[in-house]
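Colleague: Sending over a structure as structure tokens; questions will come in a sec.
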Amino acid sequence: IALILLALPLAAVQQVVLAYYSATVRLQTAAIIGVIKQATFVFLVALFIVYHLSVVYCVAASLAGSVVSTVVSIIWVRREIRLRFEVELDKWRKMLTETTSVGLASIIGTFYLNADILLLSVLTTSRQLGYYGVAYAVISVFQVFPTLLSRAILTQIVHTADDMLASVANAVIVYYAIAGALIASLAVVSGSCVVRLYAGTHFASAVVPLQILSCGQIFLFMSGGLSNISIARGHHRKLFQCGLIGVVLNITLNLVLIPHYGIRGSAAATTFCEVILSLIMALIVRRDLKVAVHIFRASWRAILAAAAPCIILWHWYGHGKESVLSGFLLIAPTACIFLFILVVLRGIPRELVSIVRDVMRRSKGELP
């Protein structure tokens with residue numbers, strides 16, 4: 001705990017320093033520094049595992065990654081601007097007032113994502129909590145993708161003219177829906193082997209909750225996209241209210257479903273909340289930005305494309321006893337079936353189609 005607490009001020013310094021790149025819409029630099037941090041962490045963890053060191057060293061590896069990324073951030077930014085510490089209470093007060101809603105929304109969002117685990121710790125056994133914890137740990141790995149997508153499209157959203165915002169926002173949500181749907185189909189089909197590889201055969205009961213949670217990734221991704229659109233356009237004050245609604249709804253559904261259905265009921269409650277929150281976020285964007293975002297129109301093709309491999313490949317993964325190797329071998333056909341159905345339904349964004357065509361024509365020498 002002490003090592004984790006030491007990393008908090010470093011994270012704060014890094015966020016402040018990297019705000020320069022956010023303000024100048026150069027998020028690729030922040031992404032590179034994030035990769036450096038993770039690479040440092042992974043390298044040290046692997047090294048400590050080889051030498052059979054305790055988990056304390058693994059936590060220290062995380063602290064080391066924070067130190068390295070913070071130092072790199074400061075050095076990188078100092079190449080362009082001068083950094084100095086100043087005490088300006090008026091500016092601090094103004095910034096605190098402007099960012100309070102975003103901070104509260106982040107806190108509420110964190111509590112929302114962990115409300116089901118907190119309730120399970122009270123209403124179920126430690127064994128059931130362990131199963132759900134494994135499912136949640138696996139699915140949380142994929143939640144980095146909305147952040148990566150946001151960094152890719154934030155520049156476009158910030159600089160889009162008001163009369164073009166509706167078309168751009170709906171196009172962006174399609175990308176989020178496709179990414180979430182692909183993750184969902186891969187997690188459903190290969191979830192069993194991932195759980196077995198991650199936690200062992202004794203945690204087979206975590207597979208079904210993982211698959212249920214996976215179904216909500218489509219709407220979770222779209223909710224994240226809509227919230228980032230709101231923040232990019234300066235309309236972020238209602239995100240706290242949206243998060244608060246999600247927390248209340250999630251807690252209520254978990255209290256109703258956990259006593260009867262256990263961890264599967266908790267996973268279903270969380271997934272249902274993702275659907276409702278995506279609709280609420282679409283309503284907020286419509287009212288604040290005057291942009292009509294069509295959630296189901298943007299996602300129905302991706303949903304059908306995700307369902308197709310889950311149905312077609314059921315014979316090979318439905319019993320949950322396939323080997324780790326065969327489970328991972330199902331990733332390729334799952335992705336191929338997903339893309340095939342998406343192409344048939346004309347769900348591939350036109351921009352991607354144009355890029356692929358240009359690449360093919362260049363490979364044939366038709367374009368310079």
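Every chain in the structure tokens has a letter given in the order shown (A, B, ...), and although residue numbers restart at 1 in each chain, ligands are simply numbered from 1 in the order shown.
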Please, which residues in region 169-252 of chain A fall within 7 Å of region 275-291 of chain A when counting only C-alpha atoms, and what is the closest atom pair and distance in Å to one decimal for each, ordered by chain then residue number, as CSV?
Modeller:
residue,atom,partner,partner_atom,distance
A:Phe219,CA,A:Val275,CA,5.5
A:Met222,CA,A:Ser278,CA,6.4
A:Ser223,CA,A:Ser278,CA,4.6
A:Leu226,CA,A:Met281,CA,6.2
A:Ser227,CA,A:Met281,CA,6.9
A:Ser230,CA,A:Val285,CA,6.6
A:His235,CA,A:Asp288,CA,6.8
A:Cys242,CA,A:Ile280,CA,6.9
A:Gly246,CA,A:Leu277,CA,6.4
Colleague: Can you pull out the residues contacting Leu325 (chain A)? Cut-off 12 Å, using only C-alpha atoms, and skip same-chain residues under 2 positions away; I want them as a list in words.
Modeller: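 Returned residues: Ser190, Ser192, Cys193, Val194, Arg196, Leu197, Tyr317, Lys321, Glu322, Ser323, Gly327, Phe328, Leu329, Leu330 and Ile331 of chain A.
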Colleague: Restricting it to N, CA and C atoms, dump the selection as a PDB file, in the first residue's frame.
Modeller:
ATOM      1  N   SER A 190     -13.468 -17.265 -26.817  1.00  0.00           N
ATOM      2  CA  SER A 190     -12.196 -17.715 -26.233  1.00  0.00           C
ATOM      3  C   SER A 190     -12.110 -17.462 -24.739  1.00  0.00           C
ATOM      4  N   SER A 192     -13.202 -19.114 -22.171  1.00  0.00           N
ATOM      5  CA  SER A 192     -12.885 -20.281 -21.350  1.00  0.00           C
ATOM      6  C   SER A 192     -11.378 -20.527 -21.286  1.00  0.00           C
ATOM      7  N   CYS A 193     -10.718 -20.476 -22.433  1.00  0.00           N
ATOM      8  CA  CYS A 193      -9.275 -20.745 -22.434  1.00  0.00           C
ATOM      9  C   CYS A 193      -8.499 -19.598 -21.787  1.00  0.00           C
ATOM     10  N   VAL A 194      -9.015 -18.367 -21.907  1.00  0.00           N
ATOM     11  CA  VAL A 194      -8.347 -17.231 -21.264  1.00  0.00           C
ATOM     12  C   VAL A 194      -8.404 -17.378 -19.749  1.00  0.00           C
ATOM     13  N   ARG A 196      -8.781 -20.181 -18.084  1.00  0.00           N
ATOM     14  CA  ARG A 196      -7.954 -21.312 -17.702  1.00  0.00           C
ATOM     15  C   ARG A 196      -6.472 -20.939 -17.700  1.00  0.00           C
ATOM     16  N   LEU A 197      -6.068 -20.135 -18.687  1.00  0.00           N
ATOM     17  CA  LEU A 197      -4.672 -19.714 -18.756  1.00  0.00           C
ATOM     18  C   LEU A 197      -4.335 -18.723 -17.654  1.00  0.00           C
ATOM     19  N   TYR A 317     -16.603 -24.383 -28.660  1.00  0.00           N
ATOM     20  CA  TYR A 317     -16.279 -23.724 -27.386  1.00  0.00           C
ATOM     21  C   TYR A 317     -17.402 -23.829 -26.352  1.00  0.00           C
ATOM     22  N   LYS A 321     -14.597 -26.968 -22.412  1.00  0.00           N
ATOM     23  CA  LYS A 321     -13.523 -27.900 -22.058  1.00  0.00           C
ATOM     24  C   LYS A 321     -12.414 -27.953 -23.100  1.00  0.00           C
ATOM     25  N   GLU A 322     -12.443 -27.018 -24.044  1.00  0.00           N
ATOM     26  CA  GLU A 322     -11.396 -27.033 -25.054  1.00  0.00           C
ATOM     27  C   GLU A 322     -10.055 -26.652 -24.430  1.00  0.00           C
ATOM     28  N   SER A 323      -8.994 -27.105 -25.051  1.00  0.00           N
ATOM     29  CA  SER A 323      -7.661 -26.802 -24.534  1.00  0.00           C
ATOM     30  C   SER A 323      -7.346 -25.327 -24.757  1.00  0.00           C
ATOM     31  N   GLY A 327      -8.518 -23.079 -27.918  1.00  0.00           N
ATOM     32  CA  GLY A 327      -9.259 -21.861 -27.645  1.00  0.00           C
ATOM     33  C   GLY A 327      -8.662 -20.663 -28.342  1.00  0.00           C
ATOM     34  N   PHE A 328      -7.347 -20.560 -28.311  1.00  0.00           N
ATOM     35  CA  PHE A 328      -6.695 -19.446 -28.988  1.00  0.00           C
ATOM     36  C   PHE A 328      -6.742 -19.605 -30.504  1.00  0.00           C
ATOM     37  N   LEU A 329      -6.790 -20.837 -30.983  1.00  0.00           N
ATOM     38  CA  LEU A 329      -6.924 -21.046 -32.422  1.00  0.00           C
ATOM     39  C   LEU A 329      -8.272 -20.575 -32.945  1.00  0.00           C
ATOM     40  N   LEU A 330      -9.246 -20.444 -32.050  1.00  0.00           N
ATOM     41  CA  LEU A 330     -10.564 -19.962 -32.461  1.00  0.00           C
ATOM     42  C   LEU A 330     -10.597 -18.446 -32.664  1.00  0.00           C
ATOM     43  N   ILE A 331      -9.543 -17.760 -32.242  1.00  0.00           N
ATOM     44  CA  ILE A 331      -9.525 -16.299 -32.387  1.00  0.00           C
ATOM     45  C   ILE A 331      -9.569 -15.895 -33.853  1.00  0.00           C
TER      46      ILE A 331
END
Colleague: Check the smallest atom-to-atom distance from each of A:Tyr57, A:Tyr20, A:Phe338, A:Phe145 to Gly224 (chain A) using only C-alpha atoms, then report the winner.
Modeller: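 Among the listed residues, the smallest separation from Gly224 (chain A) belongs to A:Phe145.
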Colleague: Could you jot down the CA of Leu3 (chain A) to CA of Val144 (chain A) separation for me, Å, one decimal place?
Modeller: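 The value is 23.5 Å.
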Colleague: Using only C-alpha atoms, pick whichever of A:Tyr51, A:Tyr132, A:Phe85, A:Trp316 has the shortest atom-to-atom distance to Ile212 (chain A).
Modeller: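 Under the stated criterion, the closest residue is A:Tyr132.
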Colleague: Any idea what's packed within 7 Å of region 65-68 of chain A, counting only C-alpha atoms, ignoring anything in its chain fewer than 3 positions away? Could you give it as a VMD selection string?
Modeller: chain A and resid 7 10 to 11 37 to 38 40 to 41 61 to 62 71 to 72
Colleague: So, counting only C-alpha atoms, which residue among A:Val35, A:Ile117, A:Ala177, A:Leu342 is closest to Leu129 (chain A)?
Modeller: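 Closest to Leu129 (chain A), using only C-alpha atoms: A:Ile117.
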Colleague: Mind the document's chain letters and residue numbers, and return as a VMD selection string the residues of region 66-272 of chain A that DSSP labels alpha helix (DSSP H).
Modeller: chain A and resid 66 to 78 89 to 123 126 to 141 145 to 159 165 to 199 207 to 215 217 to 232 239 to 272
Colleague: Between CA of Val188 (chain A) and CA of Pro146 (chain A), what is the distance in Å, rounded to a tenth?
Modeller: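 Between CA of Val188 (chain A) and CA of Pro146 (chain A) the gap works out to 18.9 Å.
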Colleague: Using only C-alpha atoms, determine which residues lie at most 7 Å from Ser185 (chain A), disregarding the query and same-chain residues fewer than 5 positions distant; provide the list as a list of chain:residue names.
Modeller: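 What passes the distance filter is A:Ala306, A:Ala307, A:Pro309, A:Cys310.
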Colleague: For Arg237 (chain A), which residue out of A:Ala267, A:Ala64, A:Leu104, A:Val343 is the nearest one, using only C-alpha atoms?
Modeller: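 That would be A:Leu104, the residue with the smallest distance to Arg237 (chain A).
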Colleague: Near Leu120 (chain A), within 9 Å and counting only C-alpha atoms, which residues show up once chain neighbours fewer than 6 positions away are dropped, as a list in words?
Modeller: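 So the residues in contact are Ser126, Gln128, Leu129, Tyr132, Asn254, Ile258, Gly262, Ile263 and Ser266 of chain A.
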Colleague: Near Ile218 (chain A), within 10 Å and counting only C-alpha atoms, which residues show up once chain neighbours fewer than 3 positions away are dropped, as a list in words?
Modeller: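 Those residues are Tyr176, Ala177, Ile178, Ala179, Gly180, Ala181, Leu182, Ile183, Ala184, Ser214, Cys215, Phe221, Met222, Ser223, Thr271, Glu274, Val275, Ser278, Ser299, Ala302, Ile303 and Ala306 of chain A.
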Colleague: Go ahead and save the picked residues with N, CA and C atoms, as an mmCIF file, in the first residue's frame.
Modeller:
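Contents of result35.cif, freshly written:
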data_model
loop_
_atom_site.group_PDB
_atom_site.id
_atom_site.type_symbol
_atom_site.label_atom_id
_atom_site.label_comp_id
_atom_site.auth_asym_id
_atom_site.auth_seq_id
_atom_site.Cartn_x
_atom_site.Cartn_y
_atom_site.Cartn_z
ATOM 1 N N TYR A 176 -16.538 2.875 -32.289
ATOM 2 C CA TYR A 176 -16.610 2.346 -30.925
ATOM 3 C C TYR A 176 -17.454 1.068 -30.879
ATOM 4 N N ALA A 177 -18.576 1.066 -31.606
ATOM 5 C CA ALA A 177 -19.452 -0.105 -31.617
ATOM 6 C C ALA A 177 -18.741 -1.316 -32.231
ATOM 7 N N ILE A 178 -18.021 -1.110 -33.315
ATOM 8 C CA ILE A 178 -17.307 -2.209 -33.970
ATOM 9 C C ILE A 178 -16.218 -2.762 -33.048
ATOM 10 N N ALA A 179 -15.461 -1.876 -32.424
ATOM 11 C CA ALA A 179 -14.397 -2.327 -31.514
ATOM 12 C C ALA A 179 -14.985 -3.106 -30.341
ATOM 13 N N GLY A 180 -16.057 -2.586 -29.743
ATOM 14 C CA GLY A 180 -16.682 -3.282 -28.620
ATOM 15 C C GLY A 180 -17.272 -4.613 -29.016
ATOM 16 N N ALA A 181 -17.878 -4.670 -30.205
ATOM 17 C CA ALA A 181 -18.485 -5.915 -30.675
ATOM 18 C C ALA A 181 -17.426 -6.978 -30.954
ATOM 19 N N LEU A 182 -16.315 -6.575 -31.538
ATOM 20 C CA LEU A 182 -15.236 -7.534 -31.805
ATOM 21 C C LEU A 182 -14.669 -8.081 -30.500
ATOM 22 N N ILE A 183 -14.445 -7.197 -29.529
ATOM 23 C CA ILE A 183 -13.953 -7.639 -28.217
ATOM 24 C C ILE A 183 -14.949 -8.608 -27.587
ATOM 25 N N ALA A 184 -16.245 -8.290 -27.684
ATOM 26 C CA ALA A 184 -17.280 -9.139 -27.088
ATOM 27 C C ALA A 184 -17.267 -10.533 -27.696
ATOM 28 N N SER A 214 -18.960 -9.538 -21.234
ATOM 29 C CA SER A 214 -18.460 -9.221 -22.571
ATOM 30 C C SER A 214 -19.541 -8.613 -23.442
ATOM 31 N N CYS A 215 -20.764 -9.062 -23.263
ATOM 32 C CA CYS A 215 -21.867 -8.561 -24.095
ATOM 33 C C CYS A 215 -22.117 -7.073 -23.862
ATOM 34 N N PHE A 221 -18.256 0.748 -24.645
ATOM 35 C CA PHE A 221 -17.390 1.477 -25.570
ATOM 36 C C PHE A 221 -18.101 2.717 -26.096
ATOM 37 N N MET A 222 -19.374 2.566 -26.488
ATOM 38 C CA MET A 222 -20.106 3.707 -27.037
ATOM 39 C C MET A 222 -20.332 4.777 -25.975
ATOM 40 N N SER A 223 -20.597 4.374 -24.736
ATOM 41 C CA SER A 223 -20.752 5.347 -23.651
ATOM 42 C C SER A 223 -19.465 6.144 -23.454
ATOM 43 N N THR A 271 -24.239 -5.457 -17.195
ATOM 44 C CA THR A 271 -24.423 -5.362 -18.642
ATOM 45 C C THR A 271 -25.654 -4.537 -18.992
ATOM 46 N N GLU A 274 -24.964 -0.905 -18.664
ATOM 47 C CA GLU A 274 -24.199 -0.340 -19.778
ATOM 48 C C GLU A 274 -25.127 0.103 -20.904
ATOM 49 N N VAL A 275 -26.151 -0.695 -21.172
ATOM 50 C CA VAL A 275 -27.113 -0.336 -22.215
ATOM 51 C C VAL A 275 -27.841 0.958 -21.840
ATOM 52 N N SER A 278 -25.576 4.098 -22.024
ATOM 53 C CA SER A 278 -25.312 4.552 -23.392
ATOM 54 C C SER A 278 -26.478 5.371 -23.923
ATOM 55 N N SER A 299 -25.001 0.509 -34.047
ATOM 56 C CA SER A 299 -24.460 -0.720 -33.463
ATOM 57 C C SER A 299 -25.117 -2.010 -33.940
ATOM 58 N N ALA A 302 -22.882 -4.263 -36.037
ATOM 59 C CA ALA A 302 -21.779 -4.809 -35.237
ATOM 60 C C ALA A 302 -22.280 -5.886 -34.277
ATOM 61 N N ILE A 303 -23.488 -5.700 -33.732
ATOM 62 C CA ILE A 303 -24.051 -6.697 -32.821
ATOM 63 C C ILE A 303 -24.312 -8.010 -33.553
ATOM 64 N N ALA A 306 -21.067 -9.718 -34.276
ATOM 65 C CA ALA A 306 -20.496 -10.341 -33.087
ATOM 66 C C ALA A 306 -21.235 -11.627 -32.725
#
Colleague: List as a list in words the protein and nucleic acid residues near Ala169 (chain A), meaning an atom at most 9 Å away when only C-alpha atoms are counted, but skip any in the same chain fewer than 2 places from it.
Modeller: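 Selected residues are Ile157, Met164, Leu165, Ala166, Ser167, Ala171, Val172, Ile173, Val174, Gly225, Leu226, Ile229, Val291, Ala292 and Val293 of chain A.
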Colleague: So what do you get for CA of Val134 (chain A) versus CA of Val42 (chain A), distance-wise?
Modeller: 20.0 Å
Colleague: When you count only C-alpha atoms, which of these residues is closest to Ala204 (chain A): A:Leu149, A:Gly234, A:Ile245, A:His319?
Modeller: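 Using only C-alpha atoms, the shortest distance to Ala204 (chain A) belongs to A:His319.
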Colleague: Measuring atom to atom with only C-alpha atoms, identify which of A:Val324, A:Val247, A:Ile312, A:Val256 is nearest to Ala115 (chain A).
Modeller: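 Among the listed residues, A:Val247 lies closest to Ala115 (chain A).
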